[in-house]
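A.B. asks: Structure supplied as upload-v2.cif; contents: mmCIF, C-alpha atoms.
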data_target
loop_
_atom_site.label_atom_id
_atom_site.label_comp_id
_atom_site.auth_asym_id
_atom_site.auth_seq_id
_atom_site.Cartn_x
_atom_site.Cartn_y
_atom_site.Cartn_z
CA MET A 18 -62.27 21.38 71.07
CA GLU A 19 -61.82 18.49 73.53
CA ARG A 20 -58.40 17.62 72.03
CA ASP A 21 -57.09 21.15 72.66
CA LYS A 22 -58.29 21.11 76.28
CA ILE A 23 -56.51 17.81 76.89
CA ILE A 24 -53.24 19.12 75.37
CA ILE A 25 -53.38 22.40 77.32
CA ASN A 26 -54.31 20.74 80.65
CA THR A 27 -51.52 18.18 80.24
CA SER A 28 -49.05 20.96 79.43
CA ILE A 29 -50.10 22.97 82.50
CA LYS A 30 -49.48 19.89 84.65
CA GLY A 31 -46.06 19.65 83.00
CA ILE A 32 -45.22 23.25 83.91
CA VAL A 33 -46.19 22.71 87.56
CA VAL A 34 -44.29 19.41 87.90
CA ASN A 35 -41.15 20.79 86.25
CA ILE A 36 -41.07 24.03 88.27
CA ILE A 37 -41.28 21.98 91.50
CA LEU A 38 -38.45 19.74 90.27
CA VAL A 39 -36.35 22.79 89.29
CA ILE A 40 -36.57 24.18 92.83
CA PHE A 41 -35.67 20.89 94.52
CA LYS A 42 -32.83 20.02 92.12
CA ALA A 43 -31.32 23.51 92.20
CA ILE A 44 -31.17 23.45 96.01
CA ILE A 45 -29.69 19.91 96.09
CA GLY A 46 -27.21 20.73 93.30
CA LEU A 47 -25.88 23.81 95.09
CA PHE A 48 -25.48 22.02 98.43
CA ALA A 49 -23.91 18.92 96.85
CA ASN A 50 -21.73 21.01 94.50
CA SER A 51 -22.96 18.79 91.66
CA ILE A 52 -22.89 20.18 88.14
CA ALA A 53 -24.94 17.16 87.02
CA ILE A 54 -27.83 18.00 89.34
CA ILE A 55 -27.69 21.71 88.45
CA LEU A 56 -27.77 20.83 84.73
CA ASP A 57 -30.67 18.50 85.45
CA ALA A 58 -32.51 21.42 87.07
CA VAL A 59 -31.84 23.60 84.04
CA ASN A 60 -33.13 20.79 81.84
CA ASN A 61 -36.37 20.70 83.85
CA LEU A 62 -36.66 24.45 83.34
CA SER A 63 -36.40 23.87 79.58
CA ASP A 64 -39.16 21.26 79.92
CA ALA A 65 -41.41 23.85 81.53
CA LEU A 66 -40.62 26.16 78.62
CA SER A 67 -41.49 23.33 76.22
CA SER A 68 -44.90 22.98 77.88
CA ILE A 69 -45.49 26.73 77.53
CA ILE A 70 -44.59 26.49 73.83
CA THR A 71 -47.00 23.56 73.45
CA ILE A 72 -49.84 25.62 74.96
CA ILE A 73 -49.09 28.62 72.73
CA GLY A 74 -48.75 26.41 69.66
CA THR A 75 -52.03 24.61 70.37
CA LYS A 76 -53.94 27.88 70.85
CA LEU A 77 -52.50 29.42 67.68
CA ALA A 78 -53.16 26.23 65.69
CA ARG A 79 -56.86 26.44 66.57
CA LYS A 80 -57.30 29.87 65.00
CA ALA A 81 -60.10 29.81 62.46
CA PRO A 82 -59.22 29.84 58.74
CA ASP A 83 -58.99 33.29 57.18
CA LYS A 84 -58.53 34.74 53.72
CA LYS A 85 -54.74 34.51 53.91
CA HIS A 86 -54.75 31.02 55.49
CA PRO A 87 -57.82 29.25 54.08
CA TYR A 88 -56.60 25.83 55.26
CA GLY A 89 -56.41 26.94 58.89
CA HIS A 90 -53.39 27.19 61.18
CA GLY A 91 -53.00 23.55 62.25
CA ARG A 92 -49.42 23.24 61.04
CA ILE A 93 -48.32 25.66 63.76
CA GLU A 94 -48.30 22.58 66.03
CA TYR A 95 -45.44 21.22 63.93
CA PHE A 96 -43.46 24.44 64.40
CA ALA A 97 -44.00 24.11 68.16
CA SER A 98 -42.59 20.57 67.99
CA VAL A 99 -39.55 21.84 66.07
CA ILE A 100 -38.89 24.47 68.76
CA ILE A 101 -39.19 21.84 71.51
CA ALA A 102 -36.83 19.52 69.62
CA VAL A 103 -34.30 22.35 69.29
CA ILE A 104 -34.59 23.08 73.03
CA VAL A 105 -33.92 19.39 73.76
CA LEU A 106 -30.98 19.45 71.32
CA VAL A 107 -29.47 22.53 72.99
CA ALA A 108 -29.92 20.90 76.41
CA GLY A 109 -28.14 17.79 75.12
CA LEU A 110 -25.25 19.75 73.62
CA THR A 111 -24.90 21.83 76.78
CA SER A 112 -24.87 18.69 78.90
CA PHE A 113 -22.19 17.20 76.64
CA LYS A 114 -20.02 20.30 76.91
CA GLU A 115 -20.33 20.57 80.70
CA SER A 116 -19.68 16.85 81.11
CA VAL A 117 -16.46 17.10 79.12
CA LEU A 118 -15.36 20.04 81.27
CA LYS A 119 -16.23 18.00 84.36
CA ILE A 120 -13.89 15.22 83.18
CA ILE A 121 -11.08 17.68 82.40
CA SER A 122 -11.46 19.58 85.68
CA PRO A 123 -13.26 17.36 88.20
CA GLU A 124 -14.55 18.95 91.41
CA GLU A 125 -15.26 17.30 94.72
CA THR A 126 -18.95 16.56 95.27
CA ASN A 127 -20.81 16.43 98.56
CA TYR A 128 -23.71 14.02 98.18
CA THR A 129 -25.78 13.02 101.23
CA VAL A 130 -28.27 10.20 101.75
CA ILE A 131 -31.10 12.74 101.92
CA SER A 132 -30.09 14.29 98.58
CA LEU A 133 -30.02 10.83 96.97
CA ILE A 134 -33.50 10.05 98.33
CA ILE A 135 -34.84 13.30 96.81
CA ILE A 136 -33.12 12.54 93.49
CA SER A 137 -34.72 9.07 93.54
CA ALA A 138 -38.12 10.69 93.99
CA THR A 139 -37.49 12.98 91.02
CA VAL A 140 -36.47 10.00 88.86
CA ILE A 141 -39.76 8.22 89.61
CA THR A 142 -41.74 11.44 89.13
CA LYS A 143 -40.24 12.22 85.73
CA PHE A 144 -40.49 8.64 84.48
CA VAL A 145 -44.17 8.29 85.44
CA PHE A 146 -45.07 11.76 84.24
CA GLY A 147 -43.13 11.36 80.97
CA LYS A 148 -44.97 8.13 80.21
CA TYR A 149 -48.27 9.82 81.02
CA VAL A 150 -47.57 12.79 78.71
CA LYS A 151 -46.41 10.56 75.84
CA ASN A 152 -49.52 8.35 76.18
CA VAL A 153 -51.75 11.43 76.06
CA GLY A 154 -49.79 12.67 73.03
CA ASP A 155 -50.33 9.35 71.24
CA LYS A 156 -54.02 9.37 72.16
CA VAL A 157 -54.75 12.86 70.82
CA ASN A 158 -52.09 12.73 68.06
CA SER A 159 -50.11 15.70 69.39
CA SER A 160 -46.52 15.77 68.18
CA SER A 161 -45.68 18.45 70.78
CA LEU A 162 -46.89 16.30 73.69
CA LYS A 163 -45.13 13.22 72.29
CA ALA A 164 -41.92 15.24 72.07
CA SER A 165 -42.36 16.53 75.64
CA GLY A 166 -43.10 13.02 76.92
CA THR A 167 -40.00 11.62 75.25
CA ASP A 168 -37.95 14.48 76.68
CA ALA A 169 -39.30 13.78 80.19
CA PHE A 170 -38.38 10.11 79.84
CA PHE A 171 -34.78 11.00 79.03
CA ASP A 172 -34.80 13.49 81.92
CA ALA A 173 -35.61 10.53 84.18
CA ILE A 174 -32.62 8.66 82.76
CA LEU A 175 -30.44 11.76 83.26
CA SER A 176 -31.57 12.02 86.88
CA PHE A 177 -30.99 8.29 87.35
CA SER A 178 -27.42 8.68 86.10
CA THR A 179 -26.94 11.45 88.65
CA LEU A 180 -28.28 9.11 91.32
CA VAL A 181 -25.82 6.40 90.27
CA ALA A 182 -22.97 8.95 90.31
CA GLY A 183 -24.01 10.04 93.81
CA ILE A 184 -24.11 6.48 95.15
CA ILE A 185 -20.68 5.70 93.66
CA SER A 186 -19.33 8.95 95.11
CA ILE A 187 -20.55 8.09 98.62
CA ILE A 188 -19.44 4.43 98.60
CA TRP A 189 -16.16 4.51 96.62
CA ASN A 190 -15.38 8.24 96.63
CA LEU A 191 -15.20 8.26 92.81
CA ASN A 192 -16.46 11.10 90.63
CA ILE A 193 -17.94 9.67 87.41
CA GLU A 194 -20.47 12.46 86.76
CA GLY A 195 -18.66 13.62 83.63
CA PHE A 196 -18.57 10.18 82.00
CA LEU A 197 -22.21 9.43 82.77
CA GLY A 198 -23.12 12.93 81.61
CA ILE A 199 -21.55 12.32 78.20
CA ILE A 200 -23.48 9.07 77.72
CA ILE A 201 -26.78 10.69 78.67
CA ALA A 202 -26.04 13.80 76.58
CA ILE A 203 -25.54 11.61 73.50
CA ILE A 204 -28.87 9.86 74.17
CA ILE A 205 -30.63 13.24 74.54
CA ILE A 206 -29.06 14.59 71.34
CA LYS A 207 -30.10 11.45 69.43
CA SER A 208 -33.66 11.77 70.77
CA SER A 209 -33.91 15.43 69.74
CA ILE A 210 -32.72 14.66 66.21
CA GLU A 211 -35.33 11.89 65.89
CA ILE A 212 -38.11 14.22 67.10
CA LEU A 213 -36.91 16.90 64.68
CA LYS A 214 -36.77 14.47 61.75
CA GLU A 215 -40.27 13.10 62.40
CA THR A 216 -41.74 16.61 62.67
CA ILE A 217 -40.00 17.89 59.54
CA ASP A 218 -41.20 14.79 57.65
CA ASN A 219 -44.78 15.69 58.63
CA MET A 220 -44.26 19.29 57.50
CA ILE A 221 -42.86 18.19 54.13
CA GLY A 222 -45.56 15.55 53.64
CA THR A 223 -45.22 11.79 53.99
CA ARG A 224 -46.79 8.81 52.28
CA ILE A 225 -50.32 7.91 53.35
CA ASP A 226 -50.43 5.17 55.97
CA GLN A 227 -51.04 1.87 54.15
CA ASP A 228 -53.83 0.70 56.46
CA LEU A 229 -55.59 4.08 56.34
CA ALA A 230 -55.45 4.15 52.53
CA LYS A 231 -56.84 0.61 52.34
CA ASN A 232 -59.65 1.34 54.80
CA ILE A 233 -60.72 4.48 52.93
CA LYS A 234 -60.70 2.72 49.55
CA ASP A 235 -62.55 -0.31 50.93
CA THR A 236 -65.21 1.99 52.41
CA ILE A 237 -65.72 3.77 49.08
CA ASN A 238 -65.73 0.56 47.05
CA GLN A 239 -68.68 -0.76 49.06
CA PHE A 240 -71.03 1.69 47.34
CA ASP A 241 -73.14 0.62 44.38
CA ASN A 242 -71.90 1.89 40.98
CA VAL A 243 -68.33 2.28 42.30
CA ASN A 244 -66.07 -0.02 40.28
CA GLY A 245 -62.82 1.09 41.91
CA THR A 246 -61.11 3.89 43.85
CA TYR A 247 -57.88 5.47 42.61
CA ASP A 248 -55.53 8.46 43.04
CA LEU A 249 -56.11 8.81 46.79
CA ILE A 250 -54.19 11.88 47.94
CA LEU A 251 -54.27 13.27 51.49
CA HIS A 252 -52.90 16.65 52.58
CA ASN A 253 -52.07 17.26 56.23
CA TYR A 254 -52.75 20.78 57.52
CA GLY A 255 -52.12 19.80 61.13
CA PRO A 256 -52.18 16.53 63.10
CA ASN A 257 -55.98 16.31 62.93
CA ASP A 258 -56.73 18.50 59.90
CA VAL A 259 -56.66 16.32 56.80
CA MET A 260 -58.08 17.07 53.35
CA GLY A 261 -57.73 15.08 50.19
CA SER A 262 -59.08 13.80 46.92
CA ALA A 263 -59.69 10.56 45.06
CA HIS A 264 -61.17 9.28 41.81
CA ILE A 265 -63.94 6.71 41.61
CA GLU A 266 -64.76 4.66 38.53
CA VAL A 267 -68.46 4.61 37.66
CA PRO A 268 -70.49 3.29 34.69
CA ASP A 269 -70.74 5.87 31.90
CA GLU A 270 -74.49 5.35 31.67
CA ILE A 271 -75.43 6.83 35.06
CA THR A 272 -76.70 10.42 35.15
CA ALA A 273 -75.13 13.55 36.60
CA LYS A 274 -77.81 13.43 39.29
CA ASP A 275 -76.77 9.88 40.22
CA ILE A 276 -73.10 10.94 40.39
CA HIS A 277 -73.96 13.98 42.52
CA VAL A 278 -75.88 11.92 45.07
CA LEU A 279 -73.23 9.17 45.06
CA THR A 280 -70.22 11.46 45.59
CA ARG A 281 -71.95 13.53 48.28
CA THR A 282 -72.95 10.38 50.16
CA ILE A 283 -69.42 8.97 49.98
CA GLU A 284 -67.80 12.26 51.06
CA THR A 285 -70.13 12.50 54.06
CA LYS A 286 -69.40 8.91 55.12
CA ILE A 287 -65.63 9.40 54.82
CA TYR A 288 -65.79 12.53 56.97
CA LYS A 289 -67.89 10.84 59.66
CA GLU A 290 -65.72 7.70 59.80
CA PHE A 291 -62.24 9.16 59.27
CA GLY A 292 -62.56 12.91 59.94
CA ILE A 293 -61.18 13.59 56.44
CA ILE A 294 -62.58 16.14 54.00
CA LEU A 295 -62.44 14.24 50.72
CA THR A 296 -63.25 15.58 47.26
CA LEU A 297 -64.13 12.98 44.63
CA GLY A 298 -63.48 13.03 40.92
CA VAL A 299 -64.95 10.55 38.45
CA TYR A 300 -63.61 8.10 35.88
CA ALA A 301 -66.22 6.74 33.44
CA SER A 302 -66.22 3.02 32.71
CA ASN A 303 -67.16 1.92 29.20
CA THR A 304 -70.44 0.05 28.99
CA ARG A 305 -71.26 0.34 25.26
CA SER A 306 -67.92 0.44 23.40
CA LYS A 307 -67.38 -2.69 21.28
CA ASP A 308 -63.59 -2.36 21.23
CA SER A 309 -63.22 -1.51 24.92
CA LEU A 310 -62.54 -4.96 26.35
CA GLU A 311 -60.12 -5.98 23.59
CA ILE A 312 -58.04 -2.80 23.75
CA LYS A 313 -57.98 -2.85 27.54
CA LYS A 314 -56.62 -6.42 27.50
CA SER A 315 -53.97 -5.38 24.95
CA ILE A 316 -52.83 -2.51 27.17
CA GLU A 317 -52.64 -4.81 30.18
CA SER A 318 -50.56 -7.25 28.15
CA ILE A 319 -48.17 -4.51 26.99
CA ILE A 320 -47.57 -2.98 30.44
CA LYS A 321 -46.63 -6.37 31.89
CA ASP A 322 -43.27 -5.90 30.16
CA TYR A 323 -42.52 -2.89 32.37
CA ASP A 324 -41.69 -3.75 35.99
CA SER A 325 -41.84 -0.10 37.03
CA ILE A 326 -45.53 0.25 36.05
CA LEU A 327 -47.52 -0.38 39.22
CA GLN A 328 -51.07 0.12 37.96
CA MET A 329 -53.28 1.11 35.03
CA HIS A 330 -56.64 2.76 35.73
CA GLY A 331 -59.06 5.35 34.39
CA PHE A 332 -59.40 3.45 31.11
CA TYR A 333 -62.02 4.87 28.74
CA ILE A 334 -62.59 4.98 24.99
CA ASP A 335 -64.13 8.13 23.57
CA ASP A 336 -65.74 6.66 20.42
CA LEU A 337 -66.78 10.06 19.11
CA ASN A 338 -63.23 11.45 19.04
CA LYS A 339 -61.56 8.05 18.60
CA THR A 340 -59.40 8.55 21.69
CA VAL A 341 -58.22 5.92 24.18
CA MET A 342 -57.56 7.38 27.64
CA PHE A 343 -55.97 5.83 30.71
CA ASP A 344 -53.61 6.61 33.60
CA LEU A 345 -50.44 4.81 34.62
CA ILE A 346 -48.85 4.75 38.06
CA ILE A 347 -45.10 4.38 37.72
CA ASP A 348 -42.63 3.68 40.52
CA PHE A 349 -40.76 6.74 41.86
CA GLU A 350 -37.47 4.99 41.10
CA GLU A 351 -38.21 5.00 37.37
CA LYS A 352 -36.51 7.99 35.69
CA GLU A 353 -37.55 7.38 32.07
CA THR A 354 -41.32 7.75 32.36
CA GLU A 355 -41.68 9.66 29.08
CA ARG A 356 -39.80 6.98 27.17
CA ILE A 357 -42.07 4.28 28.59
CA LYS A 358 -45.16 6.32 27.82
CA ASN A 359 -44.09 6.89 24.20
CA GLU A 360 -43.18 3.22 23.72
CA ILE A 361 -46.62 2.13 24.91
CA ILE A 362 -48.35 4.65 22.62
CA ASN A 363 -46.30 3.46 19.61
CA LYS A 364 -47.14 -0.19 20.32
CA LEU A 365 -50.84 0.64 20.59
CA LYS A 366 -50.79 2.70 17.38
CA GLU A 367 -49.31 -0.24 15.50
CA LYS A 368 -52.14 -2.47 16.66
CA TYR A 369 -55.00 0.06 16.65
CA PRO A 370 -53.99 2.85 14.24
CA LYS A 371 -57.44 4.48 14.04
CA TYR A 372 -57.25 5.70 17.63
CA ASN A 373 -55.44 8.55 19.35
CA TYR A 374 -53.97 7.90 22.80
CA SER A 375 -53.98 10.04 25.92
CA ILE A 376 -51.90 8.69 28.80
CA ILE A 377 -51.51 10.50 32.14
CA ILE A 378 -48.62 9.52 34.40
CA ASP A 379 -49.71 9.53 38.06
CA ASN A 380 -47.46 9.57 41.11
CA ASP A 381 -47.54 6.62 43.48
CA PHE A 382 -49.19 8.59 46.30
CA SER A 383 -50.84 5.66 48.11
CA ASP A 384 -50.85 1.88 48.00
#
Spell out the structure here as structure tokens.
C.D. replies:
Amino acid sequence: MERDKIIINTSIKGIVVNIILVIFKAIIGLFANSIAIILDAVNNLSDALSSIITIIGTKLARKAPDKKHPYGHGRIEYFASVIIAVIVLVAGLTSFKESVLKIISPEETNYTVISLIIISATVITKFVFGKYVKNVGDKVNSSSLKASGTDAFFDAILSFSTLVAGIISIIWNLNIEGFLGIIIAIIIIKSSIEILKETIDNMIGTRIDQDLAKNIKDTINQFDNVNGTYDLILHNYGPNDVMGSAHIEVPDEITAKDIHVLTRTIETKIYKEFGIILTLGVYASNTRSKDSLEIKKSIESIIKDYDSILQMHGFYIDDLNKTVMFDLIIDFEEKETERIKNEIINKLKEKYPKYNYSIIIDNDFSD
């Protein structure tokens, strides 16, 4: 896939750039007796490792589905991002520890103008390259690349702090490496926690993006015989591997053949436009029931008294079995859903005693 090639090529570039920076910074750090520069070199080495992990994760994620993993292996990319975030976190904690030790037991540094010029070049290199990697990550929706790009950006800040410490050391003969190191370490730790949180959220499953949900529903609702789209659920099996389901409301007078053609056409369009494999279920809409409109209005009137009810859909009257069916979407904050459901049924039975009532409580999966 083109996306995989882009991720792997970008990661290879990251390995090359970081190995070069490791060599230069390690040499400068040893000659200048600067723990900050040496730690910076170690951090670049961890960046190279992160790029290797990204490549491995991308290749493993592209493995074809098998009997044990029928949904594919796309979520491996998330595990790769977690590993990278942990590497960044360890680098931040190590930097914090070494910076504290540097404050407690400061050592004389030996910066030169040449070493500062080289450090300046590394700052520019990491900043430009970090921005490039993050932009590519955003473009191809790769959490691993976005994490690596963010890490590279903070590496540039870390190197810049070393540059500032070197300039101050040369001009005023003051050693502030430890204090700057603590500030940068805190920033790195914060960044790693944010990367970790975002990745874990994706692994657990987050709410569907509001604009995406609206665009999908609007696309489906454009079809003839579709009176509404409900219960949109999307499952993420990797950054670009999304499957889901939805219900469409159609007139109860159309044939199974009509429904087959309609759902297949919609599913094909959704896949072409959004890259999502969507399975459609069907709600029938009453077209012949005499009591349908009156009872539906009564239900709508009753549920207005409940602020936690967000929507009613899937309404249908089965005249043969004298059963009124509909679904309710109730806010996640509401804890007494069964009580509300029973109250609504009792109110309806008082008004329309000849009917049975079947209410399904749906989760608020999408707007």
A.B. asks: For the structure provided, state which residues fall under the PyMOL selection byres ((chain A and resi 92) around 7), and present them as a PyMOL selection string.
C.D. replies: chain A and resi 78+90-91+93-96+254-255
A.B. asks: I want to know what sits within 9 Å of Phe240 of chain A, based on only C-alpha atoms, with residues of the same chain fewer than 4 positions away left out; could you give that as a ChimeraX atom specification?
C.D. replies: /A:236,244,279,283
A.B. asks: Set the distance at 7 Å and use all atoms listed in the file: which residues neighbour Ala173 of chain A once local chain neighbours fewer than 5 positions away are removed? I'd like the list as a PDB file with C-alpha atoms, in the frame of the given file.
C.D. replies:
ATOM      1  CA  VAL A 140     -36.470  10.000  88.860  1.00  0.00           C
ATOM      2  CA  LYS A 143     -40.240  12.220  85.730  1.00  0.00           C
ATOM      3  CA  PHE A 144     -40.490   8.640  84.480  1.00  0.00           C
TER       4      PHE A 144
END
A.B. asks: For Ile347 of chain A, which of A:Phe146, A:Phe196, A:Phe291, A:Tyr323 is the closest residue, counting all atoms listed in the file?
C.D. replies: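 Looking at the shortest contact to Ile347 of chain A, the residue is A:Tyr323.
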A.B. asks: Just the residues within 6 Å of Phe332 of chain A, please, counting only C-alpha atoms, with nothing from its chain fewer than 2 positions along; format it as a VMD selection string.
C.D. replies: chain A and resid 330 342 to 343
A.B. asks: Taking 4 positions as the minimum chain separation for residues in the same chain, which residues sit within 8 Å of segment 365-382 of chain A when counting only C-alpha atoms? Answer as a ChimeraX atom specification.
C.D. replies: /A:224-225,248-250,316,339-349,354,358,361
A.B. asks: Provide the atom CA of Thr139 of chain A to atom CA of Leu38 of chain A distance in Å, to one decimal place.
C.D. replies: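 Taking atom CA of Thr139 of chain A and atom CA of Leu38 of chain A, their separation equals 6.9 Å.
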A.B. asks: Please indicate the distance in Å from atom CA of Asn257 of chain A to atom CA of Asn158 of chain A, rounded to one decimal place.
C.D. replies: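 According to the coordinates, atom CA of Asn257 of chain A and atom CA of Asn158 of chain A are separated by 7.4 Å.
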A.B. asks: Nearest to Leu191 of chain A among A:Lys163, A:Ile120, A:Phe171, A:Lys321, with distances taken over all atoms listed in the file: which residue is it?
C.D. replies: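 The shortest atom-to-atom distance to Leu191 of chain A comes from A:Ile120.
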A.B. asks: Find the distance between atom CA of Arg20 of chain A and atom CA of Leu162 of chain A and write it in Å to one decimal.
C.D. replies: 11.7 Å
A.B. asks: Measuring between all atoms listed in the file, which one of A:Asn359, A:Ser28, A:Asn338, A:Ser160 shows the shortest distance to Ile217 of chain A?
C.D. replies: A:Ser160
A.B. asks: Skipping near chain neighbours, those fewer than 4 positions away, what residues fall within 9 Å of Ile206 of chain A using all atoms listed in the file, listed as a list in words?
C.D. replies: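 In the requested form, the answer reads Val105, Leu106, Val107, Ala108, Gly109, Leu110, Ile201, Ala202, Ile210 and Glu211 of chain A.
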A.B. asks: Under the rule that only C-alpha atoms are counted, which of A:Ser67, A:Asn26, A:Asn363, A:Ser302 is the nearest residue to Ile334 of chain A?
C.D. replies: A:Ser302
A.B. asks: Between A:Asp228, A:Val103, A:Arg305, A:Glu115, which has the minimum distance to Leu213 of chain A (counting only C-alpha atoms)?
C.D. replies: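 So, comparing all the options, the nearest one is A:Val103.
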